[in-house]
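These notes are about the structure you will find just below.
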Amino acid sequence: MTPLTLQDAATIECPDVYARLEASPHGLSSEQVAERLAVFGANSLGERKVQAFVVLGRQVRNPLLILLVVTALASVFLGEHTDAAIILVIIVMSVGLGFVNEYRSERAMIDLTKRVRHRAIVLRDGRTCDVDVAMLVPGDIVLLAVGDIVPADMRLCETDELTCDEAVLTGESLPAEKTPGAVSAQAAMSAPCCALMGTTVKSGSAKGIVIATGTTTAFGTIAARLAEHPPQTAFQAGLAQFSGLLVRVAAVLTISIFVVNSALHHALLESLLFSLAIAVGLTPQLLPAIVTVSLATGAERLARRAVIVKRLVSIEDLGNIDVLFTDKTGTLTEGSIAFRASLDAQGQASGEIFRLGLLCTDAAISNGDIIGGTALDRALWEHALAAGVHPNGTVRIAEAPFDYERKRMSVAVQDASGKRSMITKGAPEAVLARCVHVDPHAQAIVDDLFSTGQRVIAIATRDDVLGDTLQPSDERDLRFRGFICFADPVKADAAQSIERLRRLDVDVRIITGDNEKVAVKVCSELGIPVEETRSGSALESMSDAELKEALPRTTIFARVTPDQKSRIIRLQRELGSDVGFLGDGVNDAVALHYADVGISVDSGTDVAKDAADVVLLHKDLGVLADGVVEGRRIFSNTIKYVLMGTSSNFGNMFSAAGASLFLPFLPMTASQILLNNLLYDVSEMTIPTDRVDEELLRRPSHWDIGFIRRFMLVFGPISSIFDFMTYGIMLFVFHAGAALFRSGWFVESLLTQSLIIFVIRTQRVPFFRSMPSPALLVTTLCCVIVGAVLPFSPIAGFFGFVPLPLLFFGILLAMIAAYLLLVEAAKGLFFRPRRTLPSSADLRRTRRLGRLASRFVGKEAP
């Protein structure tokens with residue numbers, strides 16, 4: 001085989017390309033494919049790998065780590081080598097925890113994403129077959145159709161109204177028209193006879209030969225674009241806002257403590273070390289790790305339910321959606337399209353109409369298998385194969401492929417006698433509009449068929465067809481012939497899934513390319529109240545303002561174009577909704593980008609799967625509801641850790657700052673503060689496993705920095721009250737020196753901030769009405785036990801601890817009980833609802849029922 005560049009291939013005719021690549025129009029043999037795979041390798045841009053040193057580098061660049069290093073250096077400078085060693089251990093553990101969790105989550109995401117495969121239709125061994133795109137080699141003959149992502153750099157040899165969206169490579173927004181003719185010296189990226197890897201087939205079809213694969217393609221040379229970080233999501237922005245809040249609080253507190261201690265003539269470097277430790281104690285060291293663990297755990301849980309999350313943060317975004325737009329086929333219905341009847345223009349059964357429909361399909365038969373085509377095409381051929389029907393003797397000459405604007409396709413055929421004709425198939429309204437002398441009863445027949453929930457396509461023909469090409473403009477003066485009907489039964493569990501989403505405050509709307517009467521019939525079977533429906537033609541005459549006003553009361557959008565889908569979703573977002581969109585066709589790709597969460601299915605087109613944030617291995621609203629719940633569970637558990645950091649941690653650090661003003665010694669050494677913080681954070685690493693109360697899952701939640709700030713100002717001082725009580729007990733009851741004082745306050749602060757999680761984790765009465773997860777219970781109690789016995793352990797001296805009197809523990813138990821009861825009482829007041837508000841879904845349903853009822857009394861509800 002002579003190597004050939006795409007540039008060279010564009011300047012020669014296809015027979016010469018076949019010769020240079022030792023290929024043929026009928027495809028390579030299996031032996032040739034095996035040989036070329038060994039030489040050229042898989043058709044991929046290189047498997048994405050997790051590089052350990054890159055992940056480690058992200059951990060080392062953490063500003064909190066720099067703060068720890070500065071603190072360790074200050075300890076060494078002061079001669080506190082034990083403190084420095086402890087801080088070094090904390091650094092190693094902190095970096096190690098972050099590294100292990102991030103490395104594992106990235107590996108898990110790569111493994112999950114591999115389950116989403118892309119396929120290509122190729123000719124091999126003289127027959128059509130469906131292969132993984134990674135198995136393509138130079139010389140393969142590939143068939144392209146609407147919705148395909150071009151799997152390799154190709155020289156086109158046959159095209160039929162082919163246009164490709166090349167924006168990913170060229171930035172050009174308009175699709176490029178493609179033709180098979182060779183060109184003179186011209187850049188391959190702009191040559192109309194070349195199709196480039198990564199571009200999308202927008203219309204038409206084609207046959208081409210693979211020239212380059214993998215990293216040798218034009219796309220491979222700029223694949224670095226795919227490594228760019230996506231824009232920050234609302235969840236990530238909320239995390240950043242919260243971290244910024246604590247950093248500002250820590251900065252003010254740290255500088256104030258250092259200035260005041262210096263003014264009181266405390267040792268300057270020791271005051272600096274203490275101030276830095278206070279800052280570390282306030283900052284959320286393990287928040288990124290807890291978020292990563294939560295998201296990775298959620299992704300694994302959803303993967304077991306056949307839901308692949310392409311971006312971890314999409315899980316949380318999925319939990320926020322309150323409006324879900326979905327198609328009907330395969331989601332509300334079984335998606336197993338089956339042929340039911342072929343009827344002539346008078347509504348009578350007709351085998352001739354079935355034969356005409358079979359000729360006008362994009363599916364092909366190879367060794368008894370149906371390759372390519374739409375679901376309707378495959379249903380026709382499945383029935384034909386089962387009935388032993390085949391349109392022998394008729395040859396297809398040309399095709400005007402289906403597109404979503406025309407809603408029809410046409411083929412030119414020639415029968416055994418040499419007579420040529422054109423067959424047009426498509427949506428009844430689109431086909432009937434091109435017919436002459438239509439039977440007046442035809443529309444009534446269509447309406448009756450739609451009202452029974454059947455999918456219907458119309459068939460029309462024209463006899464005076466000349467030439468070997470076919471254009472959409474040829475679809476005129478047609479003779480209406482009849483209908484072909486298909487059935488797609490409603491899913492048995494769809495009603496249950498819809499009801500579950502309703503309880504989760506998610507409003508489900510239907511966007512379908514089918515007739516609105518069919519969609520209404522499906523909704524009635526599922527118990528979905530339909531207030532209003534709107535067709536694509538009606539949307540064309542509506543302004544954005546009019547459509548925004550109509551959106552809340554519109555349940556079904558029927559016969560809509562791709563641009564109209566995007567417009568609907570964009571305007572719904574402008575109304576303040578978090579919008580999810582489930583689509584699987586090439587016409588859904590732009591709408592998937594517009595949605596807050598784009599959802600596709602593994603059986604969908606390549607372009608839809610690439611545009612989606614979430615890919616379902618099975619098209620089922622039930623698993624989507626699982627995803628919504630998982631997103632809300634993750635957010636709730638993240639907030640638990642956040643609220644802990646703004647209550648007990650802030651209170652303890654504020655207490656330390658206050659004590660340093662009147663004590664002749666520091667209330668805790670820097671290493672003791674850091675050890676306290678480390679033990680507490682390690683115990684809270686199991687928060688991602690915690691149970692979440694049902695009421696927190698019913699509605700979406702969002703970051704509210706104002707709420708967090710109020711929580712900090714209420715519960716932080718409560719913690720400080722008991723810290724100052726401990727100071728008084730240690731000084732006036734036990735007449736403690738520095739070592740005993742620090743030991744007592746260390747134990748009290750660690751036990752109170754650890755145990756308070758059981759109160760703060762729920763708005764219910766803890767344990768009686770809401771139980772923590774076993775893992776959280778065990779790790780928290782272990783932390784409490786470690787903190788209580790540490791002053792008595794052999795290593796106590798290394799940390800500057802001394803044994804505590806037994807009376808102290810009796811007093812401590814009473815203080816802990818009082819602290820938990822006071823926080824529980826404060827929590828009841830803090831979360832006390834001023835009045836019970838209905839959910840947004842309840843309000844929508846109330847307005848909808850009000851408008852429906854008002855129609856019976858002749859006036860519109862407000």
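Letters A, B, ... go to the chains of the structure tokens in the order shown; residues in each chain start at 1; ligands are counted from 1 in the same order.
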
Open item on the list: For the strand (DSSP E) assignment from backbone DSSP, which residues of segment 516-562 of chain A qualify? Please present them as a PyMOL selection string.
Closed with: chain A and resi 532-535+554-558

Open item on the list: Set the distance at 12 Å and use only C-alpha atoms: which residues neighbour Asn637 of chain A once local chain neighbours fewer than 6 positions away are removed? I'd like the list as a ChimeraX atom specification.
Closed with: /A:287,290-295,298,316,630-631,643-644,684-693,696-697,701,757,760-762,772-773,776

Please produce a file of those selected residues containing N, CA and C atoms, as a compact mmCIF listing (two decimals), in the first residue's frame.
```txt
# COMPACT_ATOMS: atom_id res chain seq x y z
N LEU A 287 -12.62 19.90 52.24
CA LEU A 287 -13.84 20.11 51.46
C LEU A 287 -13.69 19.62 50.02
N ILE A 290 -13.89 15.85 50.10
CA ILE A 290 -15.23 15.35 50.41
C ILE A 290 -16.15 15.49 49.20
N VAL A 291 -16.05 16.62 48.48
CA VAL A 291 -16.86 16.80 47.27
C VAL A 291 -16.49 15.76 46.22
N THR A 292 -15.18 15.53 46.03
CA THR A 292 -14.74 14.55 45.04
C THR A 292 -15.22 13.15 45.39
N VAL A 293 -15.08 12.79 46.66
CA VAL A 293 -15.54 11.46 47.09
C VAL A 293 -17.05 11.33 46.88
N SER A 294 -17.80 12.39 47.22
CA SER A 294 -19.27 12.35 47.06
C SER A 294 -19.65 12.17 45.60
N LEU A 295 -19.03 12.97 44.72
CA LEU A 295 -19.36 12.90 43.30
C LEU A 295 -18.94 11.57 42.69
N GLY A 298 -21.26 8.93 43.85
CA GLY A 298 -22.53 9.06 43.13
C GLY A 298 -22.44 8.55 41.71
N GLU A 316 -24.49 16.84 40.45
CA GLU A 316 -25.11 17.86 41.30
C GLU A 316 -26.04 18.73 40.48
N GLU A 630 -29.75 11.46 43.53
CA GLU A 630 -28.33 11.36 43.84
C GLU A 630 -27.68 12.74 43.89
N GLY A 631 -28.04 13.61 42.94
CA GLY A 631 -27.50 14.97 42.95
C GLY A 631 -27.89 15.73 44.20
N LEU A 643 -21.57 23.49 56.86
CA LEU A 643 -22.15 24.05 58.08
C LEU A 643 -21.32 23.71 59.31
N MET A 644 -20.70 22.55 59.31
CA MET A 644 -19.79 22.22 60.41
C MET A 644 -18.63 23.22 60.45
N GLU A 684 -14.78 13.17 59.57
CA GLU A 684 -15.88 13.64 58.72
C GLU A 684 -15.73 13.17 57.28
N MET A 685 -14.67 12.41 56.96
CA MET A 685 -14.51 11.91 55.60
C MET A 685 -15.62 10.95 55.20
N THR A 686 -16.38 10.46 56.17
CA THR A 686 -17.48 9.53 55.86
C THR A 686 -18.81 10.26 55.66
N ILE A 687 -18.80 11.59 55.70
CA ILE A 687 -20.05 12.33 55.45
C ILE A 687 -20.68 11.96 54.11
N PRO A 688 -19.89 11.71 53.04
CA PRO A 688 -20.53 11.33 51.77
C PRO A 688 -21.41 10.09 51.85
N THR A 689 -21.21 9.25 52.88
CA THR A 689 -22.02 8.03 53.01
C THR A 689 -23.29 8.27 53.81
N ASP A 690 -23.46 9.47 54.35
CA ASP A 690 -24.54 9.70 55.30
C ASP A 690 -25.91 9.66 54.63
N ARG A 691 -26.90 9.31 55.44
CA ARG A 691 -28.28 9.33 54.98
C ARG A 691 -28.76 10.77 54.90
N VAL A 692 -29.70 11.02 53.99
CA VAL A 692 -30.28 12.36 53.81
C VAL A 692 -31.78 12.26 54.04
N ASP A 693 -32.31 13.17 54.83
CA ASP A 693 -33.74 13.17 55.13
C ASP A 693 -34.56 13.39 53.86
N LEU A 696 -35.35 16.84 52.32
CA LEU A 696 -34.27 17.55 51.66
C LEU A 696 -34.09 17.10 50.21
N LEU A 697 -34.70 15.97 49.87
CA LEU A 697 -34.59 15.46 48.50
C LEU A 697 -35.76 15.88 47.62
N SER A 701 -31.81 22.33 45.72
CA SER A 701 -31.17 23.29 46.61
C SER A 701 -30.03 23.97 45.88
N ILE A 757 -22.07 17.11 64.87
CA ILE A 757 -22.49 16.71 63.53
C ILE A 757 -23.80 15.95 63.57
N ILE A 760 -26.45 18.78 63.69
CA ILE A 760 -26.49 19.67 62.52
C ILE A 760 -26.82 18.93 61.24
N ARG A 761 -26.56 17.62 61.16
CA ARG A 761 -26.74 16.88 59.92
C ARG A 761 -28.20 16.76 59.50
N THR A 762 -29.15 17.10 60.39
CA THR A 762 -30.56 16.94 60.09
C THR A 762 -31.37 18.06 60.71
N PRO A 772 -27.88 8.68 61.54
CA PRO A 772 -26.72 8.83 60.65
C PRO A 772 -26.35 7.50 60.04
N SER A 773 -25.51 7.55 59.01
CA SER A 773 -25.04 6.29 58.42
C SER A 773 -24.11 5.59 59.40
N LEU A 776 -20.50 7.03 59.33
CA LEU A 776 -20.32 8.32 59.99
C LEU A 776 -20.37 8.15 61.50
```

Pro562 of chain A surroundings by only C-alpha atoms, 9 Å radius, close-in-sequence under 4 positions cut, as a PDB file with all heavy atoms, in the first residue's frame:
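As a result, part_29.pdb now contains:
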```pdb
ATOM      1  N   TYR A 404     -34.757  17.295   8.831  1.00  0.00           N
ATOM      2  CA  TYR A 404     -35.747  17.648   9.843  1.00  0.00           C
ATOM      3  C   TYR A 404     -36.533  18.906   9.500  1.00  0.00           C
ATOM      4  O   TYR A 404     -37.523  19.212  10.171  1.00  0.00           O
ATOM      5  CB  TYR A 404     -35.058  17.811  11.204  1.00  0.00           C
ATOM      6  CG  TYR A 404     -34.527  16.497  11.727  1.00  0.00           C
ATOM      7  CD1 TYR A 404     -33.193  16.142  11.542  1.00  0.00           C
ATOM      8  CD2 TYR A 404     -35.368  15.616  12.384  1.00  0.00           C
ATOM      9  CE1 TYR A 404     -32.708  14.930  12.007  1.00  0.00           C
ATOM     10  CE2 TYR A 404     -34.890  14.401  12.856  1.00  0.00           C
ATOM     11  CZ  TYR A 404     -33.562  14.063  12.661  1.00  0.00           C
ATOM     12  OH  TYR A 404     -33.086  12.860  13.125  1.00  0.00           O
ATOM     13  N   GLU A 405     -36.102  19.607   8.487  1.00  0.00           N
ATOM     14  CA  GLU A 405     -36.874  20.771   8.055  1.00  0.00           C
ATOM     15  C   GLU A 405     -38.009  20.338   7.132  1.00  0.00           C
ATOM     16  O   GLU A 405     -39.157  20.751   7.294  1.00  0.00           O
ATOM     17  CB  GLU A 405     -35.957  21.779   7.346  1.00  0.00           C
ATOM     18  CG  GLU A 405     -34.834  22.329   8.214  1.00  0.00           C
ATOM     19  CD  GLU A 405     -35.347  23.145   9.380  1.00  0.00           C
ATOM     20  OE1 GLU A 405     -36.413  23.763   9.247  1.00  0.00           O
ATOM     21  OE2 GLU A 405     -34.682  23.151  10.433  1.00  0.00           O
ATOM     22  N   SER A 566     -34.143  24.371  20.672  1.00  0.00           N
ATOM     23  CA  SER A 566     -33.163  25.203  21.367  1.00  0.00           C
ATOM     24  C   SER A 566     -33.812  26.475  21.903  1.00  0.00           C
ATOM     25  O   SER A 566     -33.515  26.918  23.010  1.00  0.00           O
ATOM     26  CB  SER A 566     -32.023  25.568  20.413  1.00  0.00           C
ATOM     27  OG  SER A 566     -31.418  24.403  19.895  1.00  0.00           O
ATOM     28  N   ARG A 567     -34.700  27.031  21.114  1.00  0.00           N
ATOM     29  CA  ARG A 567     -35.377  28.268  21.532  1.00  0.00           C
ATOM     30  C   ARG A 567     -36.248  28.025  22.758  1.00  0.00           C
ATOM     31  O   ARG A 567     -36.255  28.823  23.705  1.00  0.00           O
ATOM     32  CB  ARG A 567     -36.223  28.776  20.370  1.00  0.00           C
ATOM     33  CG  ARG A 567     -36.932  30.093  20.645  1.00  0.00           C
ATOM     34  CD  ARG A 567     -37.836  30.449  19.476  1.00  0.00           C
ATOM     35  NE  ARG A 567     -38.588  31.659  19.727  1.00  0.00           N
ATOM     36  CZ  ARG A 567     -39.787  31.920  19.219  1.00  0.00           C
ATOM     37  NH1 ARG A 567     -40.359  31.037  18.378  1.00  0.00           N
ATOM     38  NH2 ARG A 567     -40.425  33.040  19.501  1.00  0.00           N
ATOM     39  N   VAL A 586     -29.602  13.741  15.992  1.00  0.00           N
ATOM     40  CA  VAL A 586     -28.741  14.835  15.549  1.00  0.00           C
ATOM     41  C   VAL A 586     -29.468  16.161  15.694  1.00  0.00           C
ATOM     42  O   VAL A 586     -28.861  17.209  15.922  1.00  0.00           O
ATOM     43  CB  VAL A 586     -28.284  14.609  14.097  1.00  0.00           C
ATOM     44  CG1 VAL A 586     -29.456  14.609  13.133  1.00  0.00           C
ATOM     45  CG2 VAL A 586     -27.263  15.656  13.680  1.00  0.00           C
ATOM     46  N   ASN A 587     -30.785  16.146  15.560  1.00  0.00           N
ATOM     47  CA  ASN A 587     -31.565  17.380  15.703  1.00  0.00           C
ATOM     48  C   ASN A 587     -31.661  17.839  17.153  1.00  0.00           C
ATOM     49  O   ASN A 587     -32.205  18.908  17.434  1.00  0.00           O
ATOM     50  CB  ASN A 587     -32.970  17.180  15.137  1.00  0.00           C
ATOM     51  CG  ASN A 587     -33.711  16.037  15.809  1.00  0.00           C
ATOM     52  OD1 ASN A 587     -33.115  15.025  16.154  1.00  0.00           O
ATOM     53  ND2 ASN A 587     -35.005  16.187  15.989  1.00  0.00           N
ATOM     54  N   ASP A 588     -31.136  17.048  18.091  1.00  0.00           N
ATOM     55  CA  ASP A 588     -31.181  17.408  19.510  1.00  0.00           C
ATOM     56  C   ASP A 588     -29.862  17.996  20.007  1.00  0.00           C
ATOM     57  O   ASP A 588     -29.792  18.468  21.144  1.00  0.00           O
ATOM     58  CB  ASP A 588     -31.503  16.176  20.364  1.00  0.00           C
ATOM     59  CG  ASP A 588     -32.879  15.607  20.069  1.00  0.00           C
ATOM     60  OD1 ASP A 588     -33.804  16.408  19.827  1.00  0.00           O
ATOM     61  OD2 ASP A 588     -33.029  14.375  20.054  1.00  0.00           O
ATOM     62  N   ALA A 589     -28.805  17.957  19.195  1.00  0.00           N
ATOM     63  CA  ALA A 589     -27.468  18.293  19.679  1.00  0.00           C
ATOM     64  C   ALA A 589     -27.381  19.718  20.215  1.00  0.00           C
ATOM     65  O   ALA A 589     -26.833  19.959  21.291  1.00  0.00           O
ATOM     66  CB  ALA A 589     -26.433  18.073  18.569  1.00  0.00           C
ATOM     67  N   VAL A 590     -27.919  20.683  19.468  1.00  0.00           N
ATOM     68  CA  VAL A 590     -27.821  22.071  19.913  1.00  0.00           C
ATOM     69  C   VAL A 590     -28.640  22.276  21.186  1.00  0.00           C
ATOM     70  O   VAL A 590     -28.206  22.959  22.120  1.00  0.00           O
ATOM     71  CB  VAL A 590     -28.306  23.019  18.797  1.00  0.00           C
ATOM     72  CG1 VAL A 590     -28.272  24.458  19.273  1.00  0.00           C
ATOM     73  CG2 VAL A 590     -27.442  22.844  17.554  1.00  0.00           C
ATOM     74  N   ALA A 591     -29.818  21.668  21.248  1.00  0.00           N
ATOM     75  CA  ALA A 591     -30.649  21.795  22.444  1.00  0.00           C
ATOM     76  C   ALA A 591     -29.968  21.177  23.658  1.00  0.00           C
ATOM     77  O   ALA A 591     -30.085  21.692  24.778  1.00  0.00           O
ATOM     78  CB  ALA A 591     -32.005  21.125  22.203  1.00  0.00           C
TER      79      ALA A 591
END
```

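If you look at atom CA of Glu177 of chain A and atom CA of Glu161 of chain A, they are 7.7 Å away from each other.
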
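When only C-alpha atoms are used to compute distances to Leu592 of chain A, the closest of the residues A:Ser524, A:Ser497, A:Thr326, A:Thr424 turns out to be A:Thr326.
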
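Among the candidate residues A:Thr128, A:Thr361, A:Ser30, A:Ser770, the one lying nearest to Glu399 of chain A is A:Thr361, with distances computed using only C-alpha atoms.
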